[in-house]
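Dropping run_32.pdb in here (PDB, C-alpha atoms):
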```
MODEL        1
ATOM      1  CA  MET A  26      -1.012 -22.453  24.332
ATOM      2  CA  LYS A  27       1.935 -22.470  21.946
ATOM      3  CA  ARG A  28       4.679 -20.003  22.739
ATOM      4  CA  PRO A  29       5.452 -17.539  19.917
ATOM      5  CA  GLU A  30       8.698 -18.288  18.097
ATOM      6  CA  PRO A  31      11.709 -16.085  18.880
ATOM      7  CA  VAL A  32      11.921 -13.147  16.446
ATOM      8  CA  GLN A  33      15.304 -14.222  15.090
ATOM      9  CA  VAL A  34      13.972 -17.625  14.077
ATOM     10  CA  ILE A  35      11.116 -16.032  12.155
ATOM     11  CA  LYS A  36      13.358 -13.474  10.472
ATOM     12  CA  GLN A  37      15.900 -16.056   9.471
ATOM     13  CA  ARG A  38      13.286 -18.343   7.961
ATOM     14  CA  ARG A  39      11.647 -15.549   5.952
ATOM     15  CA  ASP A  40      14.883 -13.996   4.744
ATOM     16  CA  LYS A  41      16.235 -17.380   3.726
ATOM     17  CA  ALA A  42      13.092 -18.200   1.734
ATOM     18  CA  LEU A  43      13.221 -14.814  -0.013
ATOM     19  CA  GLN A  44      16.916 -15.166  -0.812
ATOM     20  CA  SER A  45      16.440 -18.644  -2.273
ATOM     21  CA  LEU A  46      13.712 -17.252  -4.523
ATOM     22  CA  LEU A  47      15.927 -14.389  -5.759
ATOM     23  CA  GLN A  48      19.180 -16.279  -6.080
ATOM     24  CA  GLY A  49      17.543 -18.964  -8.191
ATOM     25  CA  VAL A  50      16.901 -16.534 -11.041
ATOM     26  CA  PRO A  51      20.025 -15.525 -13.022
ATOM     27  CA  TYR A  52      18.307 -12.509 -14.605
ATOM     28  CA  ILE A  53      17.549 -11.024 -11.156
ATOM     29  CA  GLN A  54      21.238 -11.371 -10.289
ATOM     30  CA  PHE A  55      22.305  -9.887 -13.645
ATOM     31  CA  MET A  56      20.049  -6.862 -13.142
ATOM     32  CA  GLY A  57      21.052  -6.484  -9.485
ATOM     33  CA  PHE A  58      17.454  -6.314  -8.241
ATOM     34  CA  LYS A  59      17.046  -6.340  -4.473
ATOM     35  CA  PHE A  60      13.990  -6.789  -2.287
ATOM     36  CA  ASP A  61      13.380  -5.132   1.035
ATOM     37  CA  ARG A  62      11.110  -7.142   3.333
ATOM     38  CA  ARG A  63       8.982  -5.785   6.183
ATOM     39  CA  GLY A  64       6.827  -8.628   7.477
ATOM     40  CA  ASP A  65       5.184  -9.985   4.345
ATOM     41  CA  GLU A  66       5.473  -6.672   2.479
ATOM     42  CA  LEU A  67       8.085  -6.484  -0.268
ATOM     43  CA  THR A  68       9.589  -3.447  -1.983
ATOM     44  CA  GLY A  69      11.599  -4.075  -5.140
ATOM     45  CA  ILE A  70      14.775  -2.039  -5.568
ATOM     46  CA  MET A  71      16.612  -1.472  -8.845
ATOM     47  CA  PRO A  72      19.949   0.004  -7.764
ATOM     48  CA  TYR A  73      21.252   2.382 -10.435
ATOM     49  CA  GLN A  74      23.896   1.057 -12.838
ATOM     50  CA  ASP A  75      25.224   2.736 -15.995
ATOM     51  CA  MET A  76      24.152  -0.245 -18.091
ATOM     52  CA  LEU A  77      20.477   0.525 -17.367
ATOM     53  CA  ILE A  78      20.561   3.709 -19.462
ATOM     54  CA  GLY A  79      18.546   3.684 -22.671
ATOM     55  CA  ASN A  80      18.784   7.330 -23.616
ATOM     56  CA  PRO A  81      22.321   8.638 -23.081
ATOM     57  CA  MET A  82      21.300  12.171 -24.154
ATOM     58  CA  LEU A  83      18.899  12.895 -21.279
ATOM     59  CA  PRO A  84      20.086  10.514 -19.666
ATOM     60  CA  ALA A  85      17.146   8.224 -18.868
ATOM     61  CA  LEU A  86      16.651   4.609 -17.867
ATOM     62  CA  HIS A  87      15.899   2.178 -20.710
ATOM     63  CA  GLY A  88      12.192   1.391 -20.962
ATOM     64  CA  GLY A  89      13.134  -2.275 -21.195
ATOM     65  CA  ALA A  90      15.023  -2.138 -17.899
ATOM     66  CA  THR A  91      12.026  -0.504 -16.251
ATOM     67  CA  ALA A  92       9.709  -3.126 -17.765
ATOM     68  CA  ALA A  93      11.960  -5.912 -16.497
ATOM     69  CA  PHE A  94      11.998  -4.367 -13.026
ATOM     70  CA  LEU A  95       8.200  -4.126 -12.887
ATOM     71  CA  GLU A  96       7.662  -7.619 -14.246
ATOM     72  CA  THR A  97      10.181  -9.116 -11.831
ATOM     73  CA  THR A  98       8.575  -7.310  -8.890
ATOM     74  CA  ALA A  99       5.183  -8.721  -9.910
ATOM     75  CA  ILE A 100       6.508 -12.272 -10.220
ATOM     76  CA  VAL A 101       8.418 -12.116  -6.935
ATOM     77  CA  GLU A 102       5.366 -10.709  -5.123
ATOM     78  CA  LEU A 103       3.173 -13.508  -6.512
ATOM     79  CA  SER A 104       5.681 -16.208  -5.644
ATOM     80  CA  TRP A 105       6.147 -14.734  -2.188
ATOM     81  CA  ALA A 106       2.382 -14.709  -1.518
ATOM     82  CA  MET A 107       2.195 -18.270  -2.869
ATOM     83  CA  MET A 108       4.955 -19.565  -0.572
ATOM     84  CA  TRP A 109       4.039 -17.599   2.557
ATOM     85  CA  ASP A 110       1.664 -20.056   4.277
ATOM     86  CA  ARG A 111       3.823 -23.061   3.498
ATOM     87  CA  MET A 112       6.943 -21.253   4.671
ATOM     88  CA  GLU A 113       5.270 -20.219   7.923
ATOM     89  CA  ALA A 114       4.184 -23.830   8.456
ATOM     90  CA  GLY A 115       7.837 -24.797   8.270
ATOM     91  CA  GLU A 116       7.715 -26.526   4.861
ATOM     92  CA  ASP A 117      10.607 -26.427   2.404
ATOM     93  CA  VAL A 118       9.745 -23.726  -0.130
ATOM     94  CA  THR A 119      13.078 -23.587  -1.934
ATOM     95  CA  LYS A 120      11.892 -25.590  -4.929
ATOM     96  CA  LEU A 121       8.851 -23.578  -5.961
ATOM     97  CA  ARG A 122       8.061 -23.087  -9.606
ATOM     98  CA  LEU A 123       7.502 -19.509 -10.750
ATOM     99  CA  PRO A 124       4.338 -18.016 -12.257
ATOM    100  CA  LYS A 125       4.501 -17.367 -16.007
ATOM    101  CA  THR A 126       3.657 -14.024 -17.574
ATOM    102  CA  ILE A 127       0.683 -14.139 -19.949
ATOM    103  CA  ASP A 128       0.635 -10.441 -20.766
ATOM    104  CA  PHE A 129       2.112  -7.291 -19.336
ATOM    105  CA  THR A 130       1.129  -3.685 -20.058
ATOM    106  CA  ILE A 131       3.500  -0.934 -19.017
ATOM    107  CA  ASP A 132       2.629   2.733 -18.701
ATOM    108  CA  TYR A 133       5.614   5.067 -18.836
ATOM    109  CA  LEU A 134       4.600   8.156 -16.905
ATOM    110  CA  ARG A 135       7.880  10.054 -16.939
ATOM    111  CA  ALA A 136      11.521   9.488 -17.794
ATOM    112  CA  GLY A 137      13.401   7.250 -15.370
ATOM    113  CA  LEU A 138      16.218   9.230 -13.787
ATOM    114  CA  PRO A 139      19.741   7.810 -13.440
ATOM    115  CA  ARG A 140      19.248   6.768  -9.811
ATOM    116  CA  ASP A 141      17.725   3.949  -7.743
ATOM    117  CA  ALA A 142      14.132   2.943  -8.430
ATOM    118  CA  TYR A 143      11.588   1.270  -6.172
ATOM    119  CA  ALA A 144       8.482  -0.779  -6.911
ATOM    120  CA  ARG A 145       5.623  -2.350  -5.071
ATOM    121  CA  ALA A 146       3.159  -4.867  -6.456
ATOM    122  CA  THR A 147      -0.462  -5.477  -5.491
ATOM    123  CA  ILE A 148      -2.167  -8.751  -6.258
ATOM    124  CA  ASN A 149      -5.646  -7.740  -7.401
ATOM    125  CA  ARG A 150      -6.839 -11.223  -8.127
ATOM    126  CA  SER A 151      -5.261 -14.552  -7.423
ATOM    127  CA  GLY A 152      -7.053 -17.704  -8.459
ATOM    128  CA  ARG A 153      -5.869 -21.259  -8.752
ATOM    129  CA  ARG A 154      -4.879 -20.769 -12.366
ATOM    130  CA  TYR A 155      -4.637 -17.046 -13.110
ATOM    131  CA  ALA A 156      -3.536 -13.962 -11.229
ATOM    132  CA  SER A 157      -3.789 -10.257 -11.988
ATOM    133  CA  VAL A 158      -1.121  -7.988 -10.536
ATOM    134  CA  HIS A 159      -0.606  -4.223 -10.558
ATOM    135  CA  VAL A 160       2.835  -2.701  -9.993
ATOM    136  CA  GLU A 161       3.883   0.870  -9.276
ATOM    137  CA  ALA A 162       7.400   2.236  -9.549
ATOM    138  CA  TRP A 163       8.855   5.482  -8.272
ATOM    139  CA  GLN A 164      12.221   7.049  -7.590
ATOM    140  CA  ASP A 165      12.544   9.963  -5.188
ATOM    141  CA  ASN A 166       8.925  10.506  -4.359
ATOM    142  CA  ARG A 167       6.450   7.706  -3.652
ATOM    143  CA  SER A 168       3.528   9.751  -4.949
ATOM    144  CA  ARG A 169       5.223  10.606  -8.258
ATOM    145  CA  LEU A 170       5.249   7.286 -10.108
ATOM    146  CA  PHE A 171       7.524   7.066 -13.152
ATOM    147  CA  ALA A 172       5.963   3.836 -14.395
ATOM    148  CA  GLN A 173       3.130   1.465 -13.605
ATOM    149  CA  ALA A 174       2.051  -1.834 -15.071
ATOM    150  CA  THR A 175      -0.640  -4.471 -14.958
ATOM    151  CA  GLY A 176      -0.086  -8.069 -15.909
ATOM    152  CA  HIS A 177      -1.738 -11.441 -15.977
ATOM    153  CA  PHE A 178       0.113 -14.517 -14.838
ATOM    154  CA  LEU A 179      -0.366 -18.236 -15.153
ATOM    155  CA  MET A 180       0.073 -19.865 -11.753
ATOM    156  CA  PRO A 181       2.225 -22.995 -11.504
ATOM    157  CA  GLN A 182       0.067 -26.075 -11.038
ATOM    158  CA  PRO A 183       0.739 -28.619  -8.305
ATOM    159  CA  ASP A 184       2.646 -31.647  -9.582
ATOM    160  CA  THR A 185       0.211 -34.008 -11.233
ATOM    161  CA  ASN A 186       0.569 -36.217 -14.233
ATOM    162  CA  THR A 187      -2.568 -34.971 -15.897
TER     163      THR A 187
ATOM    164  CA  MET B 726      19.408  10.608 -46.472
ATOM    165  CA  THR B 727      20.286   7.391 -48.268
ATOM    166  CA  ASN B 728      18.986   4.151 -46.845
ATOM    167  CA  GLU B 729      22.491   2.810 -46.177
ATOM    168  CA  ARG B 730      23.453   5.921 -44.308
ATOM    169  CA  GLN B 731      20.241   5.731 -42.286
ATOM    170  CA  THR B 732      20.963   2.094 -41.471
ATOM    171  CA  LEU B 733      24.483   2.911 -40.343
ATOM    172  CA  ILE B 734      23.309   5.745 -38.107
ATOM    173  CA  ALA B 735      20.569   3.576 -36.626
ATOM    174  CA  LYS B 736      23.050   0.769 -35.909
ATOM    175  CA  GLN B 737      25.427   3.161 -34.204
ATOM    176  CA  PHE B 738      22.555   4.711 -32.305
ATOM    177  CA  ILE B 739      21.384   1.366 -30.907
ATOM    178  CA  SER B 740      24.891   0.220 -29.996
ATOM    179  CA  ALA B 741      25.302   3.484 -28.042
ATOM    180  CA  LEU B 742      22.387   2.587 -25.786
ATOM    181  CA  PRO B 743      24.061   1.028 -22.744
ATOM    182  CA  TYR B 744      21.186  -1.328 -21.909
ATOM    183  CA  ALA B 745      20.804  -2.570 -25.501
ATOM    184  CA  HIS B 746      24.558  -3.130 -25.559
ATOM    185  CA  ALA B 747      24.498  -4.992 -22.216
ATOM    186  CA  LEU B 748      21.929  -7.445 -23.604
ATOM    187  CA  GLY B 749      23.946  -7.981 -26.811
ATOM    188  CA  MET B 750      21.356  -6.505 -29.168
ATOM    189  CA  GLU B 751      22.273  -6.028 -32.810
ATOM    190  CA  VAL B 752      20.402  -4.285 -35.579
ATOM    191  CA  THR B 753      20.188  -6.511 -38.637
ATOM    192  CA  GLU B 754      17.757  -4.531 -40.769
ATOM    193  CA  ILE B 755      16.330  -1.053 -40.479
ATOM    194  CA  GLY B 756      14.569   1.636 -42.518
ATOM    195  CA  ASP B 757      11.217   3.058 -43.578
ATOM    196  CA  GLY B 758       9.451   2.539 -40.255
ATOM    197  CA  HIS B 759      10.713  -1.017 -39.813
ATOM    198  CA  ALA B 760      13.448  -2.500 -37.640
ATOM    199  CA  THR B 761      14.823  -5.973 -36.951
ATOM    200  CA  ILE B 762      17.029  -6.523 -33.893
ATOM    201  CA  THR B 763      18.561  -9.722 -32.571
ATOM    202  CA  MET B 764      19.483 -10.724 -29.019
ATOM    203  CA  PRO B 765      21.703 -13.785 -28.487
ATOM    204  CA  TYR B 766      20.855 -16.418 -25.889
ATOM    205  CA  ASP B 767      22.746 -15.656 -22.692
ATOM    206  CA  LEU B 768      22.753 -17.624 -19.419
ATOM    207  CA  ARG B 769      22.715 -14.355 -17.449
ATOM    208  CA  LEU B 770      19.278 -13.548 -18.871
ATOM    209  CA  VAL B 771      17.599 -16.763 -17.731
ATOM    210  CA  GLY B 772      14.353 -16.193 -15.851
ATOM    211  CA  ASP B 773      13.436 -19.788 -15.094
ATOM    212  CA  PRO B 774      16.456 -21.742 -13.855
ATOM    213  CA  GLU B 775      14.639 -25.057 -14.199
ATOM    214  CA  THR B 776      14.027 -24.720 -17.920
ATOM    215  CA  GLY B 777      16.706 -22.199 -18.936
ATOM    216  CA  VAL B 778      14.072 -19.982 -20.548
ATOM    217  CA  ILE B 779      14.989 -16.299 -21.001
ATOM    218  CA  HIS B 780      13.268 -13.866 -18.608
ATOM    219  CA  GLY B 781      10.273 -11.975 -19.986
ATOM    220  CA  GLY B 782      11.963  -8.739 -18.972
ATOM    221  CA  ALA B 783      14.795  -9.298 -21.456
ATOM    222  CA  VAL B 784      12.279 -10.006 -24.231
ATOM    223  CA  SER B 785      10.403  -6.819 -23.246
ATOM    224  CA  ALA B 786      13.630  -4.840 -23.504
ATOM    225  CA  LEU B 787      14.280  -6.238 -26.989
ATOM    226  CA  LEU B 788      10.739  -5.444 -28.166
ATOM    227  CA  ASP B 789      10.905  -1.944 -26.650
ATOM    228  CA  THR B 790      14.262  -1.177 -28.296
ATOM    229  CA  CYS B 791      13.128  -2.542 -31.643
ATOM    230  CA  ALA B 792       9.877  -0.571 -31.481
ATOM    231  CA  GLY B 793      11.759   2.638 -30.623
ATOM    232  CA  ALA B 794      14.145   2.016 -33.523
ATOM    233  CA  SER B 795      11.248   1.599 -35.970
ATOM    234  CA  VAL B 796       9.856   4.947 -34.815
ATOM    235  CA  MET B 797      13.232   6.650 -35.335
ATOM    236  CA  VAL B 798      13.378   5.530 -38.973
ATOM    237  CA  HIS B 799       9.798   6.458 -39.812
ATOM    238  CA  GLY B 800       9.389   8.709 -42.847
ATOM    239  CA  SER B 801       8.376  11.645 -40.655
ATOM    240  CA  LYS B 802      12.003  11.764 -39.406
ATOM    241  CA  PRO B 803      11.521  12.312 -35.671
ATOM    242  CA  VAL B 804      14.561  13.518 -33.716
ATOM    243  CA  GLY B 805      13.572  11.715 -30.548
ATOM    244  CA  THR B 806      11.161   9.199 -29.129
ATOM    245  CA  ALA B 807      10.199   7.593 -25.836
ATOM    246  CA  THR B 808       7.822   4.800 -24.907
ATOM    247  CA  LEU B 809       4.398   5.895 -23.691
ATOM    248  CA  ASP B 810       2.998   2.425 -23.227
ATOM    249  CA  LEU B 811       3.764  -1.077 -24.333
ATOM    250  CA  ARG B 812       1.592  -4.162 -24.069
ATOM    251  CA  ILE B 813       3.386  -7.448 -24.417
ATOM    252  CA  ASP B 814       1.690 -10.800 -24.943
ATOM    253  CA  TYR B 815       3.850 -13.806 -24.197
ATOM    254  CA  MET B 816       2.641 -16.538 -26.532
ATOM    255  CA  ARG B 817       5.121 -19.238 -25.575
ATOM    256  CA  SER B 818       8.549 -19.761 -24.006
ATOM    257  CA  ALA B 819      11.533 -19.023 -26.217
ATOM    258  CA  LYS B 820      13.594 -22.141 -26.824
ATOM    259  CA  PRO B 821      16.665 -22.128 -24.552
ATOM    260  CA  GLY B 822      19.795 -21.636 -26.666
ATOM    261  CA  ASP B 823      18.034 -19.862 -29.509
ATOM    262  CA  MET B 824      18.771 -16.295 -30.509
ATOM    263  CA  ILE B 825      15.672 -14.082 -30.278
ATOM    264  CA  THR B 826      14.798 -11.806 -33.175
ATOM    265  CA  ALA B 827      12.361  -8.931 -32.902
ATOM    266  CA  ARG B 828      10.753  -7.134 -35.797
ATOM    267  CA  ALA B 829       8.840  -3.903 -35.288
ATOM    268  CA  GLU B 830       6.754  -1.734 -37.531
ATOM    269  CA  CYS B 831       5.809   1.873 -36.895
ATOM    270  CA  TYR B 832       2.512   1.768 -38.774
ATOM    271  CA  HIS B 833       1.032   5.151 -37.993
ATOM    272  CA  VAL B 834       2.205   8.500 -36.701
ATOM    273  CA  THR B 835       0.431  11.680 -35.737
ATOM    274  CA  ARG B 836       2.159  14.956 -34.899
ATOM    275  CA  SER B 837       3.007  13.769 -31.418
ATOM    276  CA  VAL B 838       2.388  10.008 -31.205
ATOM    277  CA  ALA B 839       3.727   6.974 -33.064
ATOM    278  CA  PHE B 840       1.942   3.622 -33.007
ATOM    279  CA  ILE B 841       3.882   0.393 -33.291
ATOM    280  CA  ARG B 842       3.446  -3.342 -33.411
ATOM    281  CA  ALA B 843       6.240  -5.837 -32.926
ATOM    282  CA  THR B 844       6.897  -9.570 -32.863
ATOM    283  CA  ALA B 845       9.646 -11.615 -31.207
ATOM    284  CA  MET B 846      10.664 -15.008 -32.552
ATOM    285  CA  ASP B 847      13.226 -17.711 -31.924
ATOM    286  CA  ALA B 848      14.489 -20.139 -34.586
ATOM    287  CA  ASP B 849      10.942 -21.386 -35.194
ATOM    288  CA  THR B 850       9.652 -18.389 -37.111
ATOM    289  CA  SER B 851       6.190 -19.845 -37.665
ATOM    290  CA  ARG B 852       5.099 -19.336 -34.043
ATOM    291  CA  PRO B 853       5.924 -16.030 -32.335
ATOM    292  CA  VAL B 854       7.388 -16.027 -28.817
ATOM    293  CA  ALA B 855       5.822 -12.666 -27.980
ATOM    294  CA  THR B 856       3.962  -9.848 -29.663
ATOM    295  CA  ALA B 857       3.681  -6.231 -28.611
ATOM    296  CA  THR B 858       1.704  -3.117 -29.422
ATOM    297  CA  GLY B 859       2.481   0.316 -28.119
ATOM    298  CA  ALA B 860       2.461   4.069 -28.399
ATOM    299  CA  PHE B 861       5.600   6.209 -28.485
ATOM    300  CA  THR B 862       6.148   9.939 -28.158
ATOM    301  CA  ILE B 863       7.522  11.777 -31.172
ATOM    302  CA  GLN B 864       9.754  14.805 -31.147
ATOM    303  CA  THR B 865      10.072  16.497 -34.483
ATOM    304  CA  ALA B 866      12.827  18.934 -35.401
ATOM    305  CA  LYS B 867      10.543  21.829 -36.328
ATOM    306  CA  GLY B 868       7.917  21.281 -33.681
ATOM    307  CA  GLY B 869      10.452  21.457 -30.884
ATOM    308  CA  LYS B 870       9.853  19.424 -27.766
ATOM    309  CA  THR B 871       6.481  17.736 -27.495
TER     310      THR B 871
ENDMDL
END
```
For this file, write the structure as structure tokens.
Amino acid sequence: MKRPEPVQVIKQRRDKALQSLLQGVPYIQFMGFKFDRRGDELTGIMPYQDMLIGNPMLPALHGGATAAFLETTAIVELSWAMMWDRMEAGEDVTKLRLPKTIDFTIDYLRAGLPRDAYARATINRSGRRYASVHVEAWQDNRSRLFAQATGHFLMPQPDTNT
Amino acid sequence: MTNERQTLIAKQFISALPYAHALGMEVTEIGDGHATITMPYDLRLVGDPETGVIHGGAVSALLDTCAGASVMVHGSKPVGTATLDLRIDYMRSAKPGDMITARAECYHVTRSVAFIRATAMDADTSRPVATATGAFTIQTAKGGKT
């Protein structure tokens, strides 16, 4: 029987794959999005920055920043699920192409407060070509969502010349 | 309020929104329930490093801002608005290097809700990059907070 890999080797491989996914996208860097990983579960984090404000009177987060956060969390979750098996098999997953958004519907449930936000995505359907993903975002309280969204994505096709 | 004055106020209003400012948005036309806002191409906003295509999230932000602006200049003169929901359809990738222009129309309002549709385009104005429909809250001066 094969001996299990040392925990550090597994952690390093997974963290490296996740970092390569995030660092490859300039917009993720610009927005400062982070992802917390526990096993294969990801939580998106949008650390608060003054530039994210859309309503200076309240103040409240810009709906566009929230939308970007939710959409990014959905794409990262999909990519992560897509690369998981190959990564665990020891393949190089640093050159994966990203899914493309077909449509995205955002529900704003309450004003985003000027503080960190968190999001988690659930893949409700993932086929060879299309995927449907639901995302929930909250701030202080996991059960009080401030936004949620559902989107459809076009999955990258394996390299063929057809 | 004269149209020019309304335009000036709207422009100042948008430039005071930190996130709109961070993405380089500029109001080019506004009034009577319509708004046009531009967003220059910027390498920081790239979502697909292989192609240099702008991230959908930046396009969403432009459409959301433009839609909100069109609500603010609707004839019913709301004093405040916020997005209730926004559906965005991404028709094609924006051409890397092109400025993106969004145009929104607030086509119906009730006492507490405004309905909008919006389109985002790059230099090829015959084929939209993305379209959006949504509902916004409306706060009117006399009705107080909704």
Can you turn the ChimeraX specification (/A :<10) & /B into a concrete residue list for this file, as a VMD selection string?
chain B and resid 738 to 739 741 to 748 767 to 775 777 779 to 790 793 805 to 818 855 to 861
Exercise: Ala106 (chain A) partners within 10 Å, all atoms listed in the file, chain neighbours under 4 positions left out, as an mmCIF file with C-alpha atoms, in the frame of the given file:
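Below is the file that was written, out25.cif:
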```cif
data_model
loop_
_atom_site.group_PDB
_atom_site.id
_atom_site.type_symbol
_atom_site.label_atom_id
_atom_site.label_comp_id
_atom_site.auth_asym_id
_atom_site.auth_seq_id
_atom_site.Cartn_x
_atom_site.Cartn_y
_atom_site.Cartn_z
ATOM 1 C CA ASP A 65 5.184 -9.985 4.345
ATOM 2 C CA GLU A 66 5.473 -6.672 2.479
ATOM 3 C CA ILE A 100 6.508 -12.272 -10.220
ATOM 4 C CA VAL A 101 8.418 -12.116 -6.935
ATOM 5 C CA GLU A 102 5.366 -10.709 -5.123
ATOM 6 C CA ASP A 110 1.664 -20.056 4.277
ATOM 7 C CA ARG A 111 3.823 -23.061 3.498
ATOM 8 C CA ILE A 148 -2.167 -8.751 -6.258
ATOM 9 C CA SER A 151 -5.261 -14.552 -7.423
#
```
Could you please determine the separation between CA of Val804 (chain B) and CA of Pro765 (chain B) in Å, to one decimal place?
28.7 Å
Have a look at A:Met107, A:Ala144, A:Leu67, A:Met112 and name the one nearest to Met180 (chain A); count all atoms listed in the file.
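Between A:Met107, A:Ala144, A:Leu67, A:Met112, the residue approaching Met180 (chain A) most closely is A:Met107.
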Could you pull out every residue with an atom within 10 Å of (3.8, -2.3, -3.2), file coordinates, counting all atoms listed in the file, and send them as a ChimeraX atom specification?
/A:66-69,98-99,102,143-148,159-162
Store the residues of this selection in a file with C-alpha atoms, as an mmCIF file, in the coordinates of the input.
```cif
data_model
loop_
_atom_site.group_PDB
_atom_site.id
_atom_site.type_symbol
_atom_site.label_atom_id
_atom_site.label_comp_id
_atom_site.auth_asym_id
_atom_site.auth_seq_id
_atom_site.Cartn_x
_atom_site.Cartn_y
_atom_site.Cartn_z
ATOM 1 C CA GLU A 66 5.473 -6.672 2.479
ATOM 2 C CA LEU A 67 8.085 -6.484 -0.268
ATOM 3 C CA THR A 68 9.589 -3.447 -1.983
ATOM 4 C CA GLY A 69 11.599 -4.075 -5.140
ATOM 5 C CA THR A 98 8.575 -7.310 -8.890
ATOM 6 C CA ALA A 99 5.183 -8.721 -9.910
ATOM 7 C CA GLU A 102 5.366 -10.709 -5.123
ATOM 8 C CA TYR A 143 11.588 1.270 -6.172
ATOM 9 C CA ALA A 144 8.482 -0.779 -6.911
ATOM 10 C CA ARG A 145 5.623 -2.350 -5.071
ATOM 11 C CA ALA A 146 3.159 -4.867 -6.456
ATOM 12 C CA THR A 147 -0.462 -5.477 -5.491
ATOM 13 C CA ILE A 148 -2.167 -8.751 -6.258
ATOM 14 C CA HIS A 159 -0.606 -4.223 -10.558
ATOM 15 C CA VAL A 160 2.835 -2.701 -9.993
ATOM 16 C CA GLU A 161 3.883 0.870 -9.276
ATOM 17 C CA ALA A 162 7.400 2.236 -9.549
#
```
For CA of Glu751 (chain B) and CA of Met797 (chain B), the interatomic separation in Å (one decimal):
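Between these atoms lies a distance of 15.8 Å.
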What residues come out when you apply the PyMOL selection byres ((chain B and resi 834) around 12) to this file, written as a list of chain:residue names?
B:Gly758, B:Ser795, B:Val796, B:Met797, B:Val798, B:His799, B:Gly800, B:Ser801, B:Lys802, B:Pro803, B:Thr806, B:Glu830, B:Cys831, B:Tyr832, B:His833, B:Thr835, B:Arg836, B:Ser837, B:Val838, B:Ala839, B:Phe840, B:Ile841, B:Gly859, B:Ala860, B:Phe861, B:Thr862, B:Ile863, B:Gln864, B:Thr865
Matched chain/residue IDs from the PyMOL selection byres ((chain B and resi 754) around 10), as a list of chain:residue names:
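Taken on the displayed file, the PyMOL selection byres ((chain B and resi 754) around 10) yields the residues B:Thr732, B:Ala735, B:Lys736, B:Glu751, B:Val752, B:Thr753, B:Ile755, B:Gly756, B:His759, B:Ala760, B:Thr761, B:Ile762, B:Thr763, B:Arg828.
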Between CA of Lys820 (chain B) and CA of Arg153 (chain A) lies a distance of 26.6 Å
